[in-house]
$ cat run20.cif   # mmCIF, C-alpha atoms and all ligand atoms
data_final
loop_
_atom_site.label_atom_id
_atom_site.label_comp_id
_atom_site.auth_asym_id
_atom_site.auth_seq_id
_atom_site.Cartn_x
_atom_site.Cartn_y
_atom_site.Cartn_z
CA MET A 29 25.49 29.77 32.00
CA LEU A 30 26.95 29.13 35.44
CA GLN A 31 30.44 29.75 36.68
CA LEU A 32 31.88 29.42 40.15
CA SER A 33 35.37 30.76 40.72
CA GLN A 34 37.23 30.11 43.94
CA VAL A 35 34.03 30.07 45.96
CA THR A 36 34.39 29.61 49.70
CA ALA A 37 31.61 29.13 52.27
CA HIS A 38 31.44 28.78 56.02
CA TYR A 39 28.98 27.58 58.61
CA GLY A 40 29.92 29.83 61.51
CA THR A 41 33.63 29.35 62.00
CA SER A 42 33.67 26.02 60.18
CA GLN A 43 34.69 26.20 56.51
CA ALA A 44 32.77 23.96 54.09
CA LEU A 45 33.90 25.18 50.64
CA PHE A 46 37.58 25.81 49.92
CA GLY A 47 37.75 27.46 46.51
CA MET A 48 35.12 25.75 44.32
CA ASP A 49 35.61 26.13 40.56
CA LEU A 50 32.88 24.93 38.23
CA THR A 51 31.56 25.84 34.79
CA LEU A 52 28.29 24.77 33.20
CA GLU A 53 27.60 25.72 29.60
CA ALA A 54 24.06 26.40 28.36
CA GLY A 55 22.30 23.17 27.43
CA GLN A 56 24.83 21.03 29.27
CA VAL A 57 24.27 18.52 32.04
CA ALA A 58 26.89 18.49 34.77
CA THR A 59 27.17 16.41 37.93
CA LEU A 60 28.57 17.05 41.36
CA LEU A 61 30.01 13.83 42.69
CA GLY A 62 31.72 12.97 45.94
CA ARG A 63 31.28 11.14 49.17
CA ASN A 64 28.94 12.31 51.94
CA GLY A 65 29.79 15.58 53.61
CA MET A 66 32.20 16.78 50.92
CA GLY A 67 30.23 19.92 50.07
CA LYS A 68 27.80 19.09 47.25
CA THR A 69 24.71 20.48 48.96
CA THR A 70 26.68 23.46 50.23
CA THR A 71 27.81 24.18 46.66
CA ILE A 72 24.20 24.12 45.43
CA ASN A 73 23.03 26.27 48.31
CA THR A 74 25.82 28.74 47.67
CA ILE A 75 24.87 29.01 43.98
CA LEU A 76 21.34 29.84 45.09
CA GLY A 77 22.38 32.26 47.83
CA ILE A 78 20.82 30.05 50.52
CA VAL A 79 24.34 29.82 51.95
CA ARG A 80 26.27 33.05 51.51
CA ALA A 81 29.64 32.74 49.75
CA SER A 82 32.39 34.07 52.02
CA GLY A 83 34.74 34.49 49.06
CA GLY A 84 35.01 33.98 45.31
CA LYS A 85 32.37 34.63 42.66
CA VAL A 86 29.20 33.03 41.37
CA LEU A 87 28.25 34.12 37.85
CA PHE A 88 24.90 33.19 36.30
CA ASP A 89 24.54 34.05 32.64
CA GLY A 90 27.51 36.40 32.94
CA GLN A 91 25.98 38.27 35.86
CA ASP A 92 27.78 38.35 39.21
CA VAL A 93 25.13 37.10 41.65
CA THR A 94 27.48 36.61 44.61
CA GLY A 95 25.78 37.85 47.76
CA TRP A 96 22.38 38.31 46.12
CA PRO A 97 19.34 37.20 48.11
CA SER A 98 18.03 33.80 47.14
CA PHE A 99 14.74 34.90 45.60
CA ARG A 100 16.54 37.25 43.19
CA ILE A 101 18.90 34.50 42.07
CA ALA A 102 16.01 32.04 41.63
CA ASN A 103 14.14 34.69 39.63
CA LEU A 104 16.95 34.71 37.07
CA GLY A 105 15.75 31.24 36.15
CA ILE A 106 17.13 28.59 38.49
CA GLY A 107 14.76 25.81 39.52
CA LEU A 108 15.79 23.74 42.54
CA VAL A 109 14.74 20.19 43.34
CA PRO A 110 15.98 20.13 46.92
CA GLU A 111 17.31 17.21 48.91
CA GLY A 112 14.32 15.66 50.68
CA ARG A 113 11.93 17.05 48.02
CA GLN A 114 10.22 19.51 50.39
CA ILE A 115 6.90 19.46 48.64
CA PHE A 116 3.96 21.21 50.32
CA PRO A 117 2.31 18.41 52.37
CA ASN A 118 -1.09 20.02 52.74
CA LEU A 119 -1.52 21.03 49.10
CA SER A 120 -2.71 18.67 46.38
CA VAL A 121 -0.43 17.61 43.53
CA ARG A 122 -2.09 20.11 41.22
CA GLU A 123 -1.79 22.89 43.81
CA ASN A 124 1.87 22.06 44.43
CA LEU A 125 2.49 22.45 40.71
CA VAL A 126 0.67 25.74 40.23
CA ALA A 127 1.57 27.36 43.58
CA THR A 128 4.91 28.71 42.39
CA ALA A 129 4.38 28.42 38.63
CA SER A 130 5.41 31.31 36.40
CA ASN A 131 6.92 32.15 33.07
CA HIS A 132 8.28 35.58 33.85
CA LEU A 133 11.30 34.98 31.62
CA GLY A 134 8.90 34.44 28.73
CA GLN A 135 10.11 30.98 27.67
CA ALA A 136 8.80 30.19 24.19
CA GLU A 137 7.49 26.73 25.07
CA PRO A 138 6.67 26.97 28.75
CA TRP A 139 6.09 24.05 31.06
CA THR A 140 2.40 23.68 31.85
CA LEU A 141 0.38 21.24 33.95
CA GLU A 142 -0.32 19.25 30.79
CA ARG A 143 3.35 18.99 29.90
CA VAL A 144 4.31 17.94 33.43
CA PHE A 145 1.53 15.34 33.45
CA ALA A 146 2.75 14.06 30.07
CA LEU A 147 6.28 13.76 31.50
CA PHE A 148 5.02 12.06 34.67
CA PRO A 149 1.70 10.32 33.91
CA GLU A 150 1.83 8.95 37.48
CA LEU A 151 1.13 12.47 38.75
CA GLN A 152 -1.93 12.98 36.59
CA GLY A 153 -3.79 10.14 38.28
CA ARG A 154 -2.85 11.63 41.66
CA ALA A 155 -3.65 15.26 40.78
CA SER A 156 -6.08 15.70 43.67
CA ALA A 157 -4.05 13.73 46.23
CA MET A 158 -2.46 15.70 49.04
CA GLY A 159 1.31 15.98 49.05
CA ASN A 160 1.69 14.05 52.29
CA LEU A 161 -0.09 11.02 50.82
CA LEU A 162 2.36 10.53 47.96
CA SER A 163 4.99 7.82 47.70
CA GLY A 164 8.64 8.86 47.66
CA GLY A 165 8.78 8.43 43.88
CA GLU A 166 5.64 10.50 43.35
CA GLN A 167 7.05 13.19 45.64
CA GLN A 168 10.26 13.32 43.64
CA MET A 169 8.34 13.56 40.36
CA LEU A 170 6.26 16.35 41.91
CA ALA A 171 9.37 18.18 43.12
CA ILE A 172 10.81 18.04 39.59
CA GLY A 173 7.48 19.08 38.05
CA ARG A 174 7.19 21.98 40.48
CA ALA A 175 10.66 23.22 39.58
CA LEU A 176 9.86 22.91 35.85
CA MET A 177 6.67 24.93 36.33
CA THR A 178 8.85 27.93 37.26
CA ASN A 179 10.20 27.63 33.68
CA PRO A 180 13.85 27.81 34.68
CA ARG A 181 16.89 28.01 32.45
CA LEU A 182 18.90 25.91 34.87
CA LEU A 183 17.51 22.98 36.82
CA ILE A 184 19.44 21.87 39.90
CA LEU A 185 18.69 18.53 41.54
CA ASP A 186 20.15 17.58 44.90
CA GLU A 187 20.04 13.79 45.35
CA ALA A 188 17.83 13.18 42.32
CA THR A 189 16.92 9.57 43.13
CA GLU A 190 17.85 9.06 46.77
CA GLY A 191 15.85 6.37 48.54
CA LEU A 192 13.83 5.39 45.46
CA ALA A 193 13.20 1.89 44.15
CA PRO A 194 15.14 0.93 40.99
CA LEU A 195 12.08 1.08 38.71
CA ILE A 196 11.16 4.56 39.94
CA ARG A 197 14.78 5.67 39.63
CA GLN A 198 14.74 4.64 35.99
CA LYS A 199 11.60 6.74 35.43
CA ILE A 200 13.33 9.75 36.95
CA TRP A 201 16.42 9.24 34.74
CA ALA A 202 14.24 8.86 31.64
CA ALA A 203 12.40 12.07 32.54
CA LEU A 204 15.70 13.90 33.04
CA ALA A 205 16.84 12.72 29.61
CA GLU A 206 13.61 14.14 28.14
CA ILE A 207 14.12 17.41 30.01
CA ARG A 208 17.68 17.57 28.79
CA ALA A 209 16.46 17.11 25.21
CA THR A 210 14.47 20.35 25.56
CA GLY A 211 17.80 22.17 25.93
CA LEU A 212 17.51 22.97 29.62
CA SER A 213 20.81 23.10 31.53
CA ILE A 214 20.97 20.69 34.45
CA LEU A 215 23.23 20.37 37.48
CA VAL A 216 22.66 17.12 39.32
CA VAL A 217 23.87 15.46 42.49
CA ASP A 218 23.31 11.73 42.82
CA LYS A 219 25.09 8.56 43.84
CA ASN A 220 24.18 6.40 40.85
CA LEU A 221 27.28 6.87 38.76
CA GLN A 222 26.23 4.64 35.86
CA ASP A 223 23.01 6.61 35.35
CA LEU A 224 24.87 9.90 35.64
CA LEU A 225 27.44 8.77 33.08
CA ARG A 226 24.63 8.15 30.60
CA LEU A 227 22.99 11.52 31.23
CA ALA A 228 25.74 14.07 31.79
CA ASP A 229 28.31 15.88 29.65
CA ARG A 230 30.66 16.81 32.44
CA HIS A 231 31.46 15.64 35.94
CA TYR A 232 32.95 17.38 38.94
CA ILE A 233 34.22 15.35 41.87
CA ILE A 234 34.31 17.28 45.12
CA GLN A 235 36.43 16.40 48.09
CA ARG A 236 36.57 18.53 51.22
CA GLY A 237 34.97 21.52 49.61
CA HIS A 238 36.84 21.80 46.35
CA VAL A 239 37.00 20.13 42.96
CA VAL A 240 39.62 17.39 42.78
CA TRP A 241 38.65 15.99 39.39
CA ALA A 242 36.70 17.37 36.41
CA GLY A 243 36.09 15.89 33.01
CA SER A 244 33.83 14.11 30.55
CA GLY A 245 32.00 10.85 31.06
CA ASP A 246 34.51 9.04 28.88
CA ALA A 247 37.39 10.41 30.93
CA LEU A 248 35.70 9.33 34.16
CA ARG A 249 34.91 5.87 32.79
CA ALA A 250 38.58 5.51 31.87
CA ASP A 251 39.95 6.84 35.16
CA GLU A 252 39.65 3.89 37.50
CA THR A 253 41.97 5.51 40.02
CA ALA A 254 39.82 8.64 40.36
CA ARG A 255 36.65 6.58 40.70
CA ALA A 256 38.20 4.32 43.31
CA SER A 257 39.91 6.97 45.38
CA TYR A 258 37.25 9.70 45.30
CA LEU A 259 34.02 7.76 44.91
CA GLY A 260 34.86 4.25 46.09
CA VAL A 261 33.38 2.64 42.95
P1 LIG B 1 25.67 14.70 51.67
O1 LIG B 1 25.70 13.87 50.46
O2 LIG B 1 25.87 13.91 52.95
O3 LIG B 1 24.52 15.69 51.76
P2 LIG B 1 27.40 16.86 50.78
O4 LIG B 1 28.53 16.53 49.90
O5 LIG B 1 26.18 17.44 50.21
O6 LIG B 1 27.02 15.58 51.63
P3 LIG B 1 27.36 19.11 52.56
O7 LIG B 1 26.01 18.78 53.10
O8 LIG B 1 27.50 20.25 51.66
O9 LIG B 1 27.98 17.82 51.88
O10 LIG B 1 28.34 19.31 53.80
C1 LIG B 1 29.68 19.82 53.67
C2 LIG B 1 30.25 20.07 55.06
O11 LIG B 1 29.53 21.14 55.69
C3 LIG B 1 30.13 18.87 56.01
O12 LIG B 1 31.29 18.83 56.80
C4 LIG B 1 28.92 19.20 56.83
O13 LIG B 1 29.04 18.61 58.12
C5 LIG B 1 28.98 20.70 56.92
N1 LIG B 1 27.63 21.28 57.02
C6 LIG B 1 26.62 21.13 56.13
N2 LIG B 1 25.53 21.80 56.50
C7 LIG B 1 25.85 22.41 57.70
C8 LIG B 1 25.14 23.26 58.61
N3 LIG B 1 23.89 23.64 58.35
N4 LIG B 1 25.82 23.68 59.69
C9 LIG B 1 27.10 23.31 59.92
N5 LIG B 1 27.82 22.51 59.11
C10 LIG B 1 27.21 22.07 58.01
#
$ encode --input "run20.cif" --output "structure tokens"
Amino acid sequence: MLQLSQVTAHYGTSQALFGMDLTLEAGQVATLLGRNGMGKTTTINTILGIVRASGGKVLFDGQDVTGWPSFRIANLGIGLVPEGRQIFPNLSVRENLVATASNHLGQAEPWTLERVFALFPELQGRASAMGNLLSGGEQQMLAIGRALMTNPRLLILDEATEGLAPLIRQKIWAALAEIRATGLSILVVDKNLQDLLRLADRHYIIQRGHVVWAGSGDALRADETARASYLGV
């Protein structure tokens, strides 16, 4: 579904990605792990064309999308839950969900308002509330719901549970497990390793803009050295 080969990226003269390699199969959940500033957000933004790759290739569903404008890449079916949520503050919950909704890929069982409200009952009770009046947890649920309403084939979450209380975090992880069960592919960045180990099939640890470790959850559980040296856990 998604393949990065030797992707490099720069901010001006400063290089942020140094040959990223990553593969995500359809229906899989993969994580990007690594300490702050190692290039996780840059990787996501490069996949989506928000940051332009200066070298290497990004393939989505076999198609070379390197250098494509962001909206064209997103239109292929990538839903982003960005760091900081970035919901529309002066639209209601319902309006946030429908504003960018579409099913132009013709998914057989599309996400609808009802389905999103069933996934996050908290949002249903707040359907008329403005975005800027929501709690952090509600905003994150809304950001996920909004991405689902574009009926993507790949869902990307940058910092899925950052800054949320433990109970809310657990609701987000449970929702992601439900979303995963629908067969959607997911790429997720987060710091809660134990939750990620439960959810994901494959893990990529990034250090200074390239992958230094890749493998299954079992392999990562067993590799104390990798966890300690790359993640500090
Ligand atoms: P975090 O968890 O802190 O968001 P990250 O792993 O997502 O970290 P990135 O945000 O991708 O890391 O940053 C990778 C490198 O690129 C860092 O050295 C960072 O300082 C640099 N960088 C990120 N965004 C910009 C920008 N807009 N302009 C210049 N440098 C940037």
$ closest_residue --input "run20.cif" --among "A:Asn73, A:Thr140, A:Gln31, A:Asn160" --to "ligand LIG 1 (chain B)" --atoms "only C-alpha atoms and all ligand atoms"
A:Asn73
$ axis_aligned_box --input "run20.cif" --around "ligand LIG 1 (chain B)" --padding-each-side "5 Å" --output "JSON"
{"center_x": 27.6, "center_y": 18.8, "center_z": 54.9, "size_x": 17.4, "size_y": 19.8, "size_z": 20.0}
$ closest_atom_pairs --input "run20.cif" --of "chain A" --to "ligand LIG 1 (chain B)" --cutoff "6 Å" --atoms "only C-alpha atoms and all ligand atoms" --output "JSON lines"
{"residue": "A:Tyr39", "atom": "CA", "partner": "B:LIG1", "partner_atom": "C9", "distance": 4.8}
{"residue": "A:Ala44", "atom": "CA", "partner": "B:LIG1", "partner_atom": "O11", "distance": 4.6}
{"residue": "A:Asn64", "atom": "CA", "partner": "B:LIG1", "partner_atom": "O2", "distance": 3.6}
{"residue": "A:Gly65", "atom": "CA", "partner": "B:LIG1", "partner_atom": "O9", "distance": 3.4}
{"residue": "A:Met66", "atom": "CA", "partner": "B:LIG1", "partner_atom": "O4", "distance": 3.8}
{"residue": "A:Gly67", "atom": "CA", "partner": "B:LIG1", "partner_atom": "O8", "distance": 3.2}
{"residue": "A:Lys68", "atom": "CA", "partner": "B:LIG1", "partner_atom": "O5", "distance": 3.8}
{"residue": "A:Thr69", "atom": "CA", "partner": "B:LIG1", "partner_atom": "O5", "distance": 3.6}
{"residue": "A:Thr70", "atom": "CA", "partner": "B:LIG1", "partner_atom": "O8", "distance": 3.6}
$ closest_residue --input "run20.cif" --among "A:Leu259, A:Ala54, A:Leu225, A:Ile115" --to "A:Trp241" --atoms "only C-alpha atoms"
A:Leu259
$ closest_residue --input "run20.cif" --among "A:Ser82, A:Gly191, A:Gly211, A:Arg122" --to "A:Glu137" --atoms "only C-alpha atoms"
A:Gly211
